[in-house]
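Student: Starting off with a structure, shown below.
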Protein chains: 2
Amino acid sequence: MPAVSAGPEIERLIALLARLPGLGPRSARRAALFLIKKRELLMAPLAAALTAAIETIQVCRVCGNIDSQNPCTICTDPQRDPSVILVVADVGDLWALERAHALKARYHVLGGTLSPLDGIGPDDLTIDALIKRAHDPAVREVILALNATVDGQSTAHYITDLLHDTEVKVTRLAHGVPVGGELDYLDEGTLAAAIRSRTPF
Amino acid sequence: MPAVSAGPEIERLIALLARLPGLGPRSARRAALFLIKKRELLMAPLAAALTAAIETIQVCRVCGNIDSQNPCTICTDPQRDPSVILVVADVGDLWALERAHALKARYHVLGGTLSPLDGIGPDDLTIDALIKRAHDPAVREVILALNATVDGQSTAHYITDLLHDTEVKVTRLAHGVPVGGELDYLDEGTLAAAIRSRTPF
């Protein structure tokens with residue numbers, strides 16, 4: 001039974017939109033109608049943007065970032081500090097760190113975290129390439145910017161072990177109270193970590 | 001300041017996705033990354049589906065529905081009762097009624113509701129075309145399936161007045177308790193309407 005009584009083109013469009021994260025069947029129908037109503041202003045530009053992205057976007061051969069140039073904009077940026085590598089699980093994490101404007105460093109995208117339960121081992125990630133990059137004498141610090149989850153932290157430990165025999169300093173993100181966060185809503189583990197890592201006022 | 005440190009193609013894709021209803025900047029970034037990761041399975045088919053929709057989808061010249069054929073699938077369906085016209089504000093409402101499988105009738109899409117505050121008058125809707133269709137001797141009933149809002153109901157009254165001198169029966173959707181709804185959470189107006197329109201058990 002088709003979801004809507006329109007032609008196959010609309011049904012196919014709705015079915016594909018419904019596969020995007022954040023859109024269910026209902027919001028996919030709304031999005032499809034919205035696109036059809038804004039055919040010139042939004043639908044045609046979106047089709048063109050998707051086609052352009054398909055043709056141009058590549059995975060950076062140095063760091064694993066995605067970009068329309070290869071090596072990516074960040075790897076080829078002379079303003080970036082080549083002595084620091086920020087290790088992230090996914091490109092989404094890289095984007096989040098870039099929005100924070102915290103550090104003008106280079107990145108390394110692992111492509112996920114170690115997860116024995118999901119069958120993701122070291123060979124499924126770009127850990128080998130990271131270790132090779134870390135052996136470059138120019139690199140002095142590797143910051144492990146991984147999720148504070150079991151998988152994220154076991155990946156961090158695994159990488160730390162592999163870098164044990166190098167001169168590279170391995171660091172990780174600080175635990176603590178989120179900026180703007182209220183103590184009352186924080187879990188005990190975060191509060192205990194925030195007290196252990198307290199800083200002078 | 002660009003939102004992400006990727007090429008202009010990705011930034012343009014995210015900006016366009018963020019304009020879809022139900023997607024904000026954050027979910028647009030997630031959707032863009034998801035698309036890029038599923039380039040062959042989702043991104044390319046979505047680009048093709050959008051292009052196909054742009055090329056084929058038209059507004060039905062009879063009822064205002066959208067479809068890849070004109071007149072639309074519903075208007076040309078011989079199984080549909082041509083004596084009943086279901087009047088809806090938007091194509092989304094038509095889809096909702098079709099999913100309910102309530103009536104195999106024809107439709108008429110007004111393209112909105114009268115809304116003096118938004119400057120939407122009778123000439124901005126397809127009311128003239130509806131009145132012409134209702135004068136066809138084959139048409140015996142016009143069901144006003146419009147939102148139970150001030151604008152929806154004033155549009156219903158306006159159309160009822162215009163059909164006053166015809167033989168056509170004008171009806172509207174029943175008010176009452178939603179199926180599965182709990183009385184405790186219903187507003188007084190709906191409850192009062194449900195009691196007034198009570199049916200034999």
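Identifiers in the structure tokens: chain A, B, ... in order shown; residue index from 1 per chain; ligand index from 1 in order shown.
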Sorted by chain and rising residue number, which residues of chain A lie within 6 Å of chain B, and what are their closest atom pairs and distances in Å to one decimal, counting only C-alpha atoms, as a tab-separated table?

Tutor:
```
residue	atom	partner	partner_atom	distance
A:Val4	CA	B:Trp95	CA	5.4
A:Ala6	CA	B:Asp67	CA	5.0
A:Gly7	CA	B:Asp67	CA	5.2
A:Glu9	CA	B:Ala53	CA	5.6
A:Leu13	CA	B:Ala49	CA	5.5
A:Leu20	CA	B:Ala31	CA	5.7
A:Pro21	CA	B:Ala31	CA	5.7
A:Ala31	CA	B:Pro21	CA	5.7
A:Ala47	CA	B:Ala47	CA	5.0
A:Ala49	CA	B:Leu13	CA	5.5
A:Leu50	CA	B:Ala47	CA	5.7
A:Ala53	CA	B:Glu9	CA	5.6
A:Asp67	CA	B:Ala6	CA	5.0
A:Ser68	CA	B:Gly7	CA	5.2
A:Trp95	CA	B:Val4	CA	5.4
```

Student: Take the residues from that selection and write them out as a tab-separated table (two decimals), in the first residue's frame, keeping all heavy atoms.

Tutor:
```
chain	number	residue	atom	x	y	z
A	4	VAL	N	1.27	7.55	0.06
A	4	VAL	CA	0.49	8.69	-0.41
A	4	VAL	C	-0.04	8.38	-1.79
A	4	VAL	O	0.49	7.53	-2.50
A	4	VAL	CB	1.35	9.97	-0.47
A	4	VAL	CG1	1.84	10.35	0.91
A	4	VAL	CG2	2.50	9.81	-1.40
A	6	ALA	N	0.12	9.80	-4.61
A	6	ALA	CA	0.74	10.62	-5.64
A	6	ALA	C	1.53	9.66	-6.53
A	6	ALA	O	1.47	8.46	-6.35
A	6	ALA	CB	1.65	11.66	-5.02
A	7	GLY	N	2.24	10.16	-7.49
A	7	GLY	CA	2.96	9.29	-8.40
A	7	GLY	C	4.13	8.62	-7.71
A	7	GLY	O	4.48	8.93	-6.59
A	9	GLU	N	7.21	8.99	-8.28
A	9	GLU	CA	8.34	9.90	-8.02
A	9	GLU	C	8.25	10.49	-6.62
A	9	GLU	O	9.24	10.58	-5.90
A	9	GLU	CB	8.37	11.05	-9.05
A	9	GLU	CG	8.78	10.63	-10.44
A	9	GLU	CD	7.63	10.03	-11.23
A	9	GLU	OE1	6.50	10.03	-10.69
A	9	GLU	OE2	7.86	9.55	-12.35
A	13	LEU	N	10.72	9.81	-3.38
A	13	LEU	CA	11.37	10.94	-2.71
A	13	LEU	C	11.10	10.88	-1.20
A	13	LEU	O	12.02	11.04	-0.38
A	13	LEU	CB	10.84	12.25	-3.30
A	13	LEU	CG	11.37	13.54	-2.71
A	13	LEU	CD1	12.88	13.64	-2.89
A	13	LEU	CD2	10.70	14.75	-3.37
A	20	LEU	N	16.85	9.71	6.25
A	20	LEU	CA	17.79	10.65	6.87
A	20	LEU	C	17.62	10.64	8.38
A	20	LEU	O	16.51	10.51	8.88
A	20	LEU	CB	17.54	12.07	6.35
A	20	LEU	CG	17.90	12.34	4.89
A	20	LEU	CD1	17.54	13.77	4.53
A	20	LEU	CD2	19.38	12.11	4.66
A	21	PRO	N	18.72	10.77	9.13
A	21	PRO	CA	18.58	10.83	10.59
A	21	PRO	C	17.79	12.07	10.98
A	21	PRO	O	17.99	13.14	10.42
A	21	PRO	CB	20.04	10.91	11.08
A	21	PRO	CG	20.81	11.44	9.93
A	21	PRO	CD	20.11	10.95	8.69
A	31	ALA	N	8.55	17.30	4.56
A	31	ALA	CA	9.71	17.83	3.86
A	31	ALA	C	9.53	17.72	2.34
A	31	ALA	O	9.87	18.65	1.60
A	31	ALA	CB	10.97	17.08	4.30
A	47	ALA	N	19.02	19.48	-5.26
A	47	ALA	CA	19.43	18.44	-6.21
A	47	ALA	C	20.82	18.76	-6.76
A	47	ALA	O	21.69	17.89	-6.85
A	47	ALA	CB	18.41	18.32	-7.34
A	49	ALA	N	23.12	20.66	-5.31
A	49	ALA	CA	24.12	20.56	-4.23
A	49	ALA	C	24.50	19.11	-3.98
A	49	ALA	O	25.67	18.80	-3.74
A	49	ALA	CB	23.58	21.21	-2.96
A	50	LEU	N	23.50	18.22	-4.03
A	50	LEU	CA	23.80	16.80	-3.83
A	50	LEU	C	24.69	16.28	-4.95
A	50	LEU	O	25.67	15.57	-4.70
A	50	LEU	CB	22.49	16.00	-3.78
A	50	LEU	CG	21.69	16.11	-2.47
A	50	LEU	CD1	20.29	15.55	-2.67
A	50	LEU	CD2	22.39	15.37	-1.35
A	53	ALA	N	28.13	17.60	-4.49
A	53	ALA	CA	28.82	16.94	-3.38
A	53	ALA	C	29.29	15.54	-3.79
A	53	ALA	O	30.41	15.14	-3.48
A	53	ALA	CB	27.89	16.86	-2.17
A	67	ASP	N	36.27	16.50	2.35
A	67	ASP	CA	36.45	17.84	1.79
A	67	ASP	C	36.38	17.72	0.28
A	67	ASP	O	36.46	16.62	-0.26
A	67	ASP	CB	37.82	18.40	2.22
A	67	ASP	CG	37.87	19.92	2.13
A	67	ASP	OD1	37.25	20.49	1.21
A	67	ASP	OD2	38.55	20.53	2.95
A	68	SER	N	36.24	18.86	-0.40
A	68	SER	CA	36.26	18.80	-1.86
A	68	SER	C	37.69	18.90	-2.39
A	68	SER	O	37.89	18.84	-3.60
A	68	SER	CB	35.38	19.89	-2.46
A	68	SER	OG	35.54	21.10	-1.78
A	95	TRP	N	34.04	18.55	13.17
A	95	TRP	CA	33.27	19.77	12.96
A	95	TRP	C	32.94	20.43	14.29
A	95	TRP	O	33.00	21.66	14.42
A	95	TRP	CB	31.97	19.46	12.20
A	95	TRP	CG	32.17	19.08	10.76
A	95	TRP	CD1	33.35	19.06	10.07
A	95	TRP	CD2	31.16	18.67	9.85
A	95	TRP	NE1	33.12	18.65	8.78
A	95	TRP	CE2	31.79	18.41	8.61
A	95	TRP	CE3	29.78	18.49	9.94
A	95	TRP	CZ2	31.10	17.99	7.48
A	95	TRP	CZ3	29.08	18.06	8.81
A	95	TRP	CH2	29.74	17.82	7.59
```

Student: From stretch 152-183 of chain B, collect each residue whose DSSP state is strand (DSSP E) and return the set as a ChimeraX atom specification.

Tutor: /B:169-172

Student: Name the residues of stretch 84-197 of chain A that come out as helix (DSSP H, G or I) in a backbone DSSP run; write them as a PyMOL selection string.

Tutor: chain A and resi 91-100+116-118+122-124+127-134+150-162+183-185+188-196

Student: Take atom CA of B:Ile195 and atom CA of B:Val142 and report the distance between them in Å, one decimal.

Tutor: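 Straight-line distance from atom CA of B:Ile195 to atom CA of B:Val142 works out to 25.0 Å.
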
Student: Please provide the set of residues having any atom within 8 Å of A:Leu86, restricted to only C-alpha atoms, with same-chain residues fewer than 3 positions apart removed, written as JSON, numbers by chain.

Tutor: {"A": [105, 106, 107, 108, 142, 143, 144, 145]}

Student: Counting only C-alpha atoms, what is within 12 Å of A:Thr160, bar same-chain residues fewer than 5 positions away, as a list in words?

Tutor: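 The residues that qualify are Val87, Ile127, Leu130, Ile131, Ala134, Glu141, Val142, Ile143, Leu144, Gln153, Ser154, Thr155, Asp165, Thr166, Glu167, Val168, Lys169, Val170, Thr171 and Arg172 of chain A.
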
Student: I need the residues from that last selection saved to file as a PDB file, in the first residue's frame (with N, CA, C and O atoms), if you can.

Tutor:
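Dumped to result-v1.pdb:
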```
ATOM      1  N   VAL A  87      42.928  13.737  17.650  1.00  0.00           N
ATOM      2  CA  VAL A  87      42.361  12.480  17.173  1.00  0.00           C
ATOM      3  C   VAL A  87      40.874  12.438  17.507  1.00  0.00           C
ATOM      4  O   VAL A  87      40.489  12.596  18.666  1.00  0.00           O
ATOM      5  N   ILE A 127      43.979   3.555  12.652  1.00  0.00           N
ATOM      6  CA  ILE A 127      44.948   3.665  13.746  1.00  0.00           C
ATOM      7  C   ILE A 127      46.386   3.546  13.226  1.00  0.00           C
ATOM      8  O   ILE A 127      47.276   4.299  13.638  1.00  0.00           O
ATOM      9  N   LEU A 130      47.544   6.724  11.892  1.00  0.00           N
ATOM     10  CA  LEU A 130      47.805   7.685  12.971  1.00  0.00           C
ATOM     11  C   LEU A 130      49.186   7.442  13.585  1.00  0.00           C
ATOM     12  O   LEU A 130      49.955   8.396  13.790  1.00  0.00           O
ATOM     13  N   ILE A 131      49.493   6.168  13.843  1.00  0.00           N
ATOM     14  CA  ILE A 131      50.788   5.855  14.462  1.00  0.00           C
ATOM     15  C   ILE A 131      51.929   6.309  13.544  1.00  0.00           C
ATOM     16  O   ILE A 131      52.918   6.902  13.988  1.00  0.00           O
ATOM     17  N   ALA A 134      52.261   9.963  13.778  1.00  0.00           N
ATOM     18  CA  ALA A 134      52.803  10.380  15.077  1.00  0.00           C
ATOM     19  C   ALA A 134      54.321  10.181  15.147  1.00  0.00           C
ATOM     20  O   ALA A 134      54.988  10.799  15.977  1.00  0.00           O
ATOM     21  N   GLU A 141      52.587  16.335  20.015  1.00  0.00           N
ATOM     22  CA  GLU A 141      51.479  15.994  20.909  1.00  0.00           C
ATOM     23  C   GLU A 141      50.330  15.370  20.129  1.00  0.00           C
ATOM     24  O   GLU A 141      49.997  15.820  19.025  1.00  0.00           O
ATOM     25  N   VAL A 142      49.754  14.337  20.719  1.00  0.00           N
ATOM     26  CA  VAL A 142      48.531  13.726  20.178  1.00  0.00           C
ATOM     27  C   VAL A 142      47.440  13.902  21.236  1.00  0.00           C
ATOM     28  O   VAL A 142      47.570  13.406  22.355  1.00  0.00           O
ATOM     29  N   ILE A 143      46.362  14.666  20.871  1.00  0.00           N
ATOM     30  CA  ILE A 143      45.261  14.871  21.807  1.00  0.00           C
ATOM     31  C   ILE A 143      44.136  13.909  21.444  1.00  0.00           C
ATOM     32  O   ILE A 143      43.611  13.967  20.314  1.00  0.00           O
ATOM     33  N   LEU A 144      43.781  13.032  22.364  1.00  0.00           N
ATOM     34  CA  LEU A 144      42.724  12.064  22.080  1.00  0.00           C
ATOM     35  C   LEU A 144      41.376  12.692  22.437  1.00  0.00           C
ATOM     36  O   LEU A 144      40.976  12.725  23.601  1.00  0.00           O
ATOM     37  N   GLN A 153      36.950   5.428  25.440  1.00  0.00           N
ATOM     38  CA  GLN A 153      38.097   5.401  26.345  1.00  0.00           C
ATOM     39  C   GLN A 153      38.973   4.176  26.118  1.00  0.00           C
ATOM     40  O   GLN A 153      40.196   4.256  26.257  1.00  0.00           O
ATOM     41  N   SER A 154      38.383   3.022  25.715  1.00  0.00           N
ATOM     42  CA  SER A 154      39.262   1.874  25.446  1.00  0.00           C
ATOM     43  C   SER A 154      40.050   2.121  24.164  1.00  0.00           C
ATOM     44  O   SER A 154      41.214   1.694  24.062  1.00  0.00           O
ATOM     45  N   THR A 155      39.464   2.837  23.202  1.00  0.00           N
ATOM     46  CA  THR A 155      40.211   3.224  22.002  1.00  0.00           C
ATOM     47  C   THR A 155      41.372   4.141  22.391  1.00  0.00           C
ATOM     48  O   THR A 155      42.497   3.993  21.884  1.00  0.00           O
ATOM     49  N   ASP A 165      56.322   4.021  22.952  1.00  0.00           N
ATOM     50  CA  ASP A 165      57.765   4.067  22.698  1.00  0.00           C
ATOM     51  C   ASP A 165      58.180   5.302  21.905  1.00  0.00           C
ATOM     52  O   ASP A 165      59.299   5.366  21.408  1.00  0.00           O
ATOM     53  N   THR A 166      57.282   6.270  21.745  1.00  0.00           N
ATOM     54  CA  THR A 166      57.649   7.478  20.997  1.00  0.00           C
ATOM     55  C   THR A 166      57.858   8.633  21.972  1.00  0.00           C
ATOM     56  O   THR A 166      57.558   8.533  23.156  1.00  0.00           O
ATOM     57  N   GLU A 167      58.352   9.754  21.413  1.00  0.00           N
ATOM     58  CA  GLU A 167      58.580  10.949  22.220  1.00  0.00           C
ATOM     59  C   GLU A 167      57.298  11.768  22.362  1.00  0.00           C
ATOM     60  O   GLU A 167      57.268  12.779  23.059  1.00  0.00           O
ATOM     61  N   VAL A 168      56.242  11.342  21.633  1.00  0.00           N
ATOM     62  CA  VAL A 168      55.031  12.141  21.540  1.00  0.00           C
ATOM     63  C   VAL A 168      54.293  12.171  22.870  1.00  0.00           C
ATOM     64  O   VAL A 168      54.141  11.155  23.546  1.00  0.00           O
ATOM     65  N   LYS A 169      53.828  13.371  23.268  1.00  0.00           N
ATOM     66  CA  LYS A 169      53.004  13.516  24.466  1.00  0.00           C
ATOM     67  C   LYS A 169      51.565  13.162  24.094  1.00  0.00           C
ATOM     68  O   LYS A 169      51.035  13.683  23.119  1.00  0.00           O
ATOM     69  N   VAL A 170      50.952  12.239  24.853  1.00  0.00           N
ATOM     70  CA  VAL A 170      49.560  11.860  24.580  1.00  0.00           C
ATOM     71  C   VAL A 170      48.665  12.475  25.659  1.00  0.00           C
ATOM     72  O   VAL A 170      48.892  12.257  26.853  1.00  0.00           O
ATOM     73  N   THR A 171      47.697  13.251  25.251  1.00  0.00           N
ATOM     74  CA  THR A 171      46.779  13.886  26.211  1.00  0.00           C
ATOM     75  C   THR A 171      45.338  13.549  25.828  1.00  0.00           C
ATOM     76  O   THR A 171      45.064  13.021  24.746  1.00  0.00           O
ATOM     77  N   ARG A 172      44.420  13.842  26.743  1.00  0.00           N
ATOM     78  CA  ARG A 172      42.999  13.638  26.414  1.00  0.00           C
ATOM     79  C   ARG A 172      42.202  14.836  26.900  1.00  0.00           C
ATOM     80  O   ARG A 172      42.711  15.663  27.680  1.00  0.00           O
TER      81      ARG A 172
END
```

Student: Quick one: residues within 12 Å of B:Asp128, only C-alpha atoms counted, chain neighbours fewer than 2 positions away excluded, as an mmCIF file with N, CA, C and O atoms, in the first residue's frame?

Tutor:
```
data_model
loop_
_atom_site.group_PDB
_atom_site.id
_atom_site.type_symbol
_atom_site.label_atom_id
_atom_site.label_comp_id
_atom_site.auth_asym_id
_atom_site.auth_seq_id
_atom_site.Cartn_x
_atom_site.Cartn_y
_atom_site.Cartn_z
ATOM 1 N N VAL B 62 -7.389 19.766 -12.507
ATOM 2 C CA VAL B 62 -8.770 19.592 -12.049
ATOM 3 C C VAL B 62 -8.881 19.911 -10.559
ATOM 4 O O VAL B 62 -9.701 20.740 -10.148
ATOM 5 N N CYS B 63 -8.059 19.244 -9.735
ATOM 6 C CA CYS B 63 -8.293 19.287 -8.286
ATOM 7 C C CYS B 63 -7.203 20.004 -7.500
ATOM 8 O O CYS B 63 -7.377 20.262 -6.317
ATOM 9 N N HIS B 108 -10.638 18.329 -3.800
ATOM 10 C CA HIS B 108 -10.344 19.661 -4.316
ATOM 11 C C HIS B 108 -9.406 20.342 -3.317
ATOM 12 O O HIS B 108 -9.750 20.517 -2.155
ATOM 13 N N VAL B 109 -8.209 20.695 -3.804
ATOM 14 C CA VAL B 109 -7.205 21.306 -2.932
ATOM 15 C C VAL B 109 -7.299 22.827 -3.073
ATOM 16 O O VAL B 109 -7.065 23.369 -4.159
ATOM 17 N N LEU B 110 -7.635 23.496 -1.965
ATOM 18 C CA LEU B 110 -7.836 24.959 -2.017
ATOM 19 C C LEU B 110 -6.519 25.725 -2.137
ATOM 20 O O LEU B 110 -6.487 26.838 -2.649
ATOM 21 N N GLY B 121 -6.954 36.083 0.570
ATOM 22 C CA GLY B 121 -8.365 36.242 0.256
ATOM 23 C C GLY B 121 -8.846 35.148 -0.682
ATOM 24 O O GLY B 121 -8.055 34.277 -1.082
ATOM 25 N N PRO B 122 -10.130 35.182 -1.072
ATOM 26 C CA PRO B 122 -10.694 34.141 -1.942
ATOM 27 C C PRO B 122 -9.932 33.976 -3.253
ATOM 28 O O PRO B 122 -9.813 32.865 -3.762
ATOM 29 N N ASP B 123 -9.382 35.081 -3.793
ATOM 30 C CA ASP B 123 -8.698 34.979 -5.083
ATOM 31 C C ASP B 123 -7.362 34.257 -4.988
ATOM 32 O O ASP B 123 -6.798 33.840 -6.012
ATOM 33 N N ASP B 124 -6.832 34.127 -3.774
ATOM 34 C CA ASP B 124 -5.560 33.418 -3.609
ATOM 35 C C ASP B 124 -5.772 31.908 -3.520
ATOM 36 O O ASP B 124 -4.800 31.148 -3.527
ATOM 37 N N LEU B 125 -7.038 31.486 -3.376
ATOM 38 C CA LEU B 125 -7.345 30.056 -3.278
ATOM 39 C C LEU B 125 -8.085 29.615 -4.544
ATOM 40 O O LEU B 125 -8.460 30.440 -5.367
ATOM 41 N N THR B 126 -8.299 28.302 -4.666
ATOM 42 C CA THR B 126 -8.969 27.791 -5.882
ATOM 43 C C THR B 126 -10.471 27.648 -5.632
ATOM 44 O O THR B 126 -11.098 26.684 -6.088
ATOM 45 N N LEU B 130 -13.576 25.413 -7.522
ATOM 46 C CA LEU B 130 -14.414 24.490 -6.746
ATOM 47 C C LEU B 130 -15.892 24.736 -7.036
ATOM 48 O O LEU B 130 -16.656 23.782 -7.262
ATOM 49 N N ILE B 131 -16.297 26.012 -7.033
ATOM 50 C CA ILE B 131 -17.712 26.336 -7.277
ATOM 51 C C ILE B 131 -18.122 25.849 -8.668
ATOM 52 O O ILE B 131 -19.194 25.273 -8.855
ATOM 53 N N LYS B 132 -17.231 26.050 -9.658
ATOM 54 C CA LYS B 132 -17.526 25.553 -11.018
ATOM 55 C C LYS B 132 -17.706 24.045 -11.014
ATOM 56 O O LYS B 132 -18.648 23.516 -11.609
ATOM 57 N N ARG B 133 -16.780 23.329 -10.320
ATOM 58 C CA ARG B 133 -16.890 21.859 -10.270
ATOM 59 C C ARG B 133 -18.192 21.446 -9.589
ATOM 60 O O ARG B 133 -18.826 20.463 -9.978
ATOM 61 N N ALA B 134 -18.570 22.179 -8.532
ATOM 62 C CA ALA B 134 -19.766 21.803 -7.762
ATOM 63 C C ALA B 134 -21.037 21.999 -8.584
ATOM 64 O O ALA B 134 -22.076 21.404 -8.281
ATOM 65 N N HIS B 135 -20.967 22.833 -9.641
ATOM 66 C CA HIS B 135 -22.146 23.039 -10.484
ATOM 67 C C HIS B 135 -22.344 21.925 -11.499
ATOM 68 O O HIS B 135 -23.357 21.896 -12.195
ATOM 69 N N TYR B 158 -17.570 30.483 4.162
ATOM 70 C CA TYR B 158 -17.528 31.232 2.912
ATOM 71 C C TYR B 158 -17.950 30.348 1.742
ATOM 72 O O TYR B 158 -18.771 30.747 0.902
ATOM 73 N N ILE B 159 -17.400 29.112 1.691
ATOM 74 C CA ILE B 159 -17.730 28.193 0.588
ATOM 75 C C ILE B 159 -19.199 27.773 0.673
ATOM 76 O O ILE B 159 -19.902 27.710 -0.351
ATOM 77 N N LEU B 162 -21.400 30.338 -0.880
ATOM 78 C CA LEU B 162 -21.324 30.370 -2.342
ATOM 79 C C LEU B 162 -22.090 29.213 -2.972
ATOM 80 O O LEU B 162 -22.531 29.309 -4.121
ATOM 81 N N LEU B 163 -22.263 28.101 -2.223
ATOM 82 C CA LEU B 163 -22.954 26.928 -2.775
ATOM 83 C C LEU B 163 -24.431 26.918 -2.396
ATOM 84 O O LEU B 163 -25.136 25.939 -2.658
#
```

Student: Rounded to one decimal in Å, what is the spacing between atom CA of A:Arg61 and atom CA of A:Asp81?

Tutor: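 Distance reported for this atom pair: 18.5 Å.
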
Student: Give me the residues near A:Ala194 as an MDAnalysis selection string, where near means some atom within 10 Å (using only C-alpha atoms) and where sequence neighbours in that chain fewer than 5 positions away do not count.

Tutor: chainID A and resid 174:178 188:189 199

Student: What would the file look like if the residues just selected were written as a PDB file, in the first residue's frame with N, CA, C and O atoms?

Tutor:
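Output below, filename result_13.pdb:
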```
ATOM      1  N   ALA A 174      39.725  17.195  29.021  1.00  0.00           N
ATOM      2  CA  ALA A 174      39.436  17.265  30.453  1.00  0.00           C
ATOM      3  C   ALA A 174      38.001  16.852  30.720  1.00  0.00           C
ATOM      4  O   ALA A 174      37.101  17.111  29.921  1.00  0.00           O
ATOM      5  N   HIS A 175      37.795  16.208  31.862  1.00  0.00           N
ATOM      6  CA  HIS A 175      36.443  15.981  32.373  1.00  0.00           C
ATOM      7  C   HIS A 175      36.067  17.146  33.259  1.00  0.00           C
ATOM      8  O   HIS A 175      36.931  17.742  33.911  1.00  0.00           O
ATOM      9  N   GLY A 176      34.791  17.491  33.349  1.00  0.00           N
ATOM     10  CA  GLY A 176      34.380  18.555  34.255  1.00  0.00           C
ATOM     11  C   GLY A 176      32.958  18.997  34.012  1.00  0.00           C
ATOM     12  O   GLY A 176      32.217  18.385  33.236  1.00  0.00           O
ATOM     13  N   VAL A 177      32.605  20.096  34.663  1.00  0.00           N
ATOM     14  CA  VAL A 177      31.258  20.645  34.550  1.00  0.00           C
ATOM     15  C   VAL A 177      31.118  21.315  33.180  1.00  0.00           C
ATOM     16  O   VAL A 177      31.937  22.161  32.838  1.00  0.00           O
ATOM     17  N   PRO A 178      30.106  20.972  32.383  1.00  0.00           N
ATOM     18  CA  PRO A 178      29.904  21.682  31.119  1.00  0.00           C
ATOM     19  C   PRO A 178      29.676  23.169  31.378  1.00  0.00           C
ATOM     20  O   PRO A 178      29.051  23.525  32.382  1.00  0.00           O
ATOM     21  N   GLU A 188      27.352  11.862  39.285  1.00  0.00           N
ATOM     22  CA  GLU A 188      28.388  11.842  40.325  1.00  0.00           C
ATOM     23  C   GLU A 188      29.780  11.698  39.724  1.00  0.00           C
ATOM     24  O   GLU A 188      30.741  12.297  40.214  1.00  0.00           O
ATOM     25  N   GLY A 189      29.925  10.868  38.682  1.00  0.00           N
ATOM     26  CA  GLY A 189      31.240  10.654  38.074  1.00  0.00           C
ATOM     27  C   GLY A 189      31.837  11.952  37.545  1.00  0.00           C
ATOM     28  O   GLY A 189      33.024  12.224  37.746  1.00  0.00           O
ATOM     29  N   THR A 199      40.808  23.734  39.428  1.00  0.00           N
ATOM     30  CA  THR A 199      41.850  24.665  38.982  1.00  0.00           C
ATOM     31  C   THR A 199      41.830  25.900  39.870  1.00  0.00           C
ATOM     32  O   THR A 199      40.788  26.238  40.449  1.00  0.00           O
TER      33      THR A 199
END
```

Student: Could you check the closest approach to B:Arg140 for each of B:Pro25, B:Gly119, B:Pro82, B:Pro71 and tell me which residue wins, using only C-alpha atoms?

Tutor: B:Pro82
